[in-house]
Amino acid sequence: MEAKPFDIFERPVVSVKIDLSCPIEITHTEVLSDDRGRCRAYIDIINVSSRPIRRIEGHAHWLSETGAELAQMDLVFEGMRLISHAHAQLTVAGEVPAAHDIALEPTEVAFSDFSQSWSTEDSELVEYEFTPEPPGARLDRLRGIAGKDAVCYPEARGRYWLCVCGRLNPGGSHSCARCMRGRERVFAALREDGPRGDFSNRLARRERFEARREELRLQYERANRRKRERRIRILTITAISVLIVATLIMVGILLGYIVY
């Protein structure tokens with residue numbers, strides 16, 4: 001089970017506990033409750049395996065605002081068709097007064113191809129820390145190259161490697177289980193201890209590209225605006241001309257009628 005990986009900028013260092021063998025990753029949780037103690041939890045997950053998932057079994061731990069466990073319940077989600085790297089939202093209802101959050105502890109995951117199910121016996125639980133880039137120009141530039149979900153520089157850590165999205169991956173994996181970024185490409189472009197000149201050049205090229213694209217967009221909008229203005233002028237002149245012709249015709253008809 002993993003700590004929430006995205007709400008991270010209020011702390012200089014993020015501590016995460018994750019089971020690298022688990023086929024699902026929990027990305028976000030939310031609990032809504034009423035004054036009668038009835039609550040509903042929403043758990044966002046990703047299938048980080050290469051096989052579609054049809055069933056998830058586990059335990060739900062209802063937590064207080066301080067993180068203390070208030071209640072526990074067994075869960076089974078059946079009839080799922082969660083393909084590889086697809087997102088899903090699980091819903092859990094309960095009556096737990098003061099519930100502030102929920103933690104899902106998967107115990108078994110069954111696959112649609114009826115291959116060997118995953119269970120906690122296969123667990124590879126690890127704890128790690130990483131330092132996210134704080135909000136600012138440096139983070140904006142990092143995301144300009146790596147994408148909007150990038151939060152840190154990649155790192156090689158012995159048997160593991162840290163992706164720019166903040167997930168730890170086994171050293172033998174060629175892509176991130178969460179975001180599917182290729183390991184070699186990530187390290188070549190974004191490694192913090194890599195050549196700073198190369199990194200700066202990439203940033204400069206991206207900035208020039210974005211500036212040129214914005215310039216072309218503005219030129220396109222100006223050209224379209226001029227075309228619209230010309231069309232409006234033509235339509236206006238045409239309408240006035242038609243009105244004048246129609247008026248002259250009507251005047252001619254009236255004069256002919258009077259003379260007759």
# chains A, B, ... in the order shown; residues from 1 in each chain; ligands from 1

call {"tool": "residues_around", "arguments": {"residues": "Asp149 (chain A)", "least_positions_apart": "6", "cutoff": "10 Å", "atoms": "only C-alpha atoms", "output": "PyMOL selection string"}}
result
chain A and resi 6+142-143+164-166+179

call {"tool": "write_last_selection", "arguments": {"atoms": "C-alpha atoms", "output": "PDB file, in the first residue's frame"}}
result
ATOM      1  CA  PHE A   6       0.743  13.697  -5.443  1.00  0.00           C
ATOM      2  CA  LEU A 142      11.086  20.339 -15.563  1.00  0.00           C
ATOM      3  CA  ARG A 143       7.437  19.684 -16.390  1.00  0.00           C
ATOM      4  CA  VAL A 164      10.371  11.629 -12.394  1.00  0.00           C
ATOM      5  CA  CYS A 165       6.767  10.899 -11.345  1.00  0.00           C
ATOM      6  CA  GLY A 166       8.024   9.933  -7.867  1.00  0.00           C
ATOM      7  CA  CYS A 179       3.655   6.445 -15.866  1.00  0.00           C
TER       8      CYS A 179
END

call {"tool": "residues_around", "arguments": {"residues": "Ala93 (chain A)", "least_positions_apart": "3", "cutoff": "8 Å", "atoms": "only C-alpha atoms", "output": "PyMOL selection string"}}
result
chain A and resi 38-41

call {"tool": "select_by_dssp", "arguments": {"residues": "region 130-243 of chain A", "states": "strand (DSSP E)", "output": "list in words"}}
result
Phe130, Glu155, Ala156, Arg157, Tyr160, Trp161, Leu162, Leu168, Asn169 and Pro170 of chain A

call {"tool": "write_last_selection", "arguments": {"atoms": "C-alpha atoms", "output": "PDB file, in the first residue's frame"}}
result
ATOM      1  CA  PHE A 130      12.428  11.583  -2.401  1.00  0.00           C
ATOM      2  CA  GLU A 155      17.831   8.671  -9.507  1.00  0.00           C
ATOM      3  CA  ALA A 156      19.550   5.284  -9.601  1.00  0.00           C
ATOM      4  CA  ARG A 157      19.335   3.682  -6.146  1.00  0.00           C
ATOM      5  CA  TYR A 160      15.926   0.363  -7.736  1.00  0.00           C
ATOM      6  CA  TRP A 161      15.486   3.557  -9.732  1.00  0.00           C
ATOM      7  CA  LEU A 162      13.315   6.583  -9.023  1.00  0.00           C
ATOM      8  CA  LEU A 168      10.309   3.708  -7.197  1.00  0.00           C
ATOM      9  CA  ASN A 169      10.854   0.856  -9.680  1.00  0.00           C
ATOM     10  CA  PRO A 170      12.950  -2.333  -9.691  1.00  0.00           C
TER      11      PRO A 170
END

call {"tool": "residues_around", "arguments": {"residues": "Cys22 (chain A)", "least_positions_apart": "4", "cutoff": "10 Å", "atoms": "only C-alpha atoms", "output": "ChimeraX atom specification"}}
result
/A:1,18,47-49,106-109,118-120,122-125

call {"tool": "select_by_dssp", "arguments": {"residues": "region 80-241 of chain A", "states": "helix (DSSP H, G or I)", "output": "PyMOL selection string"}}
result
chain A and resi 120-122+137-146+183-190+196-241
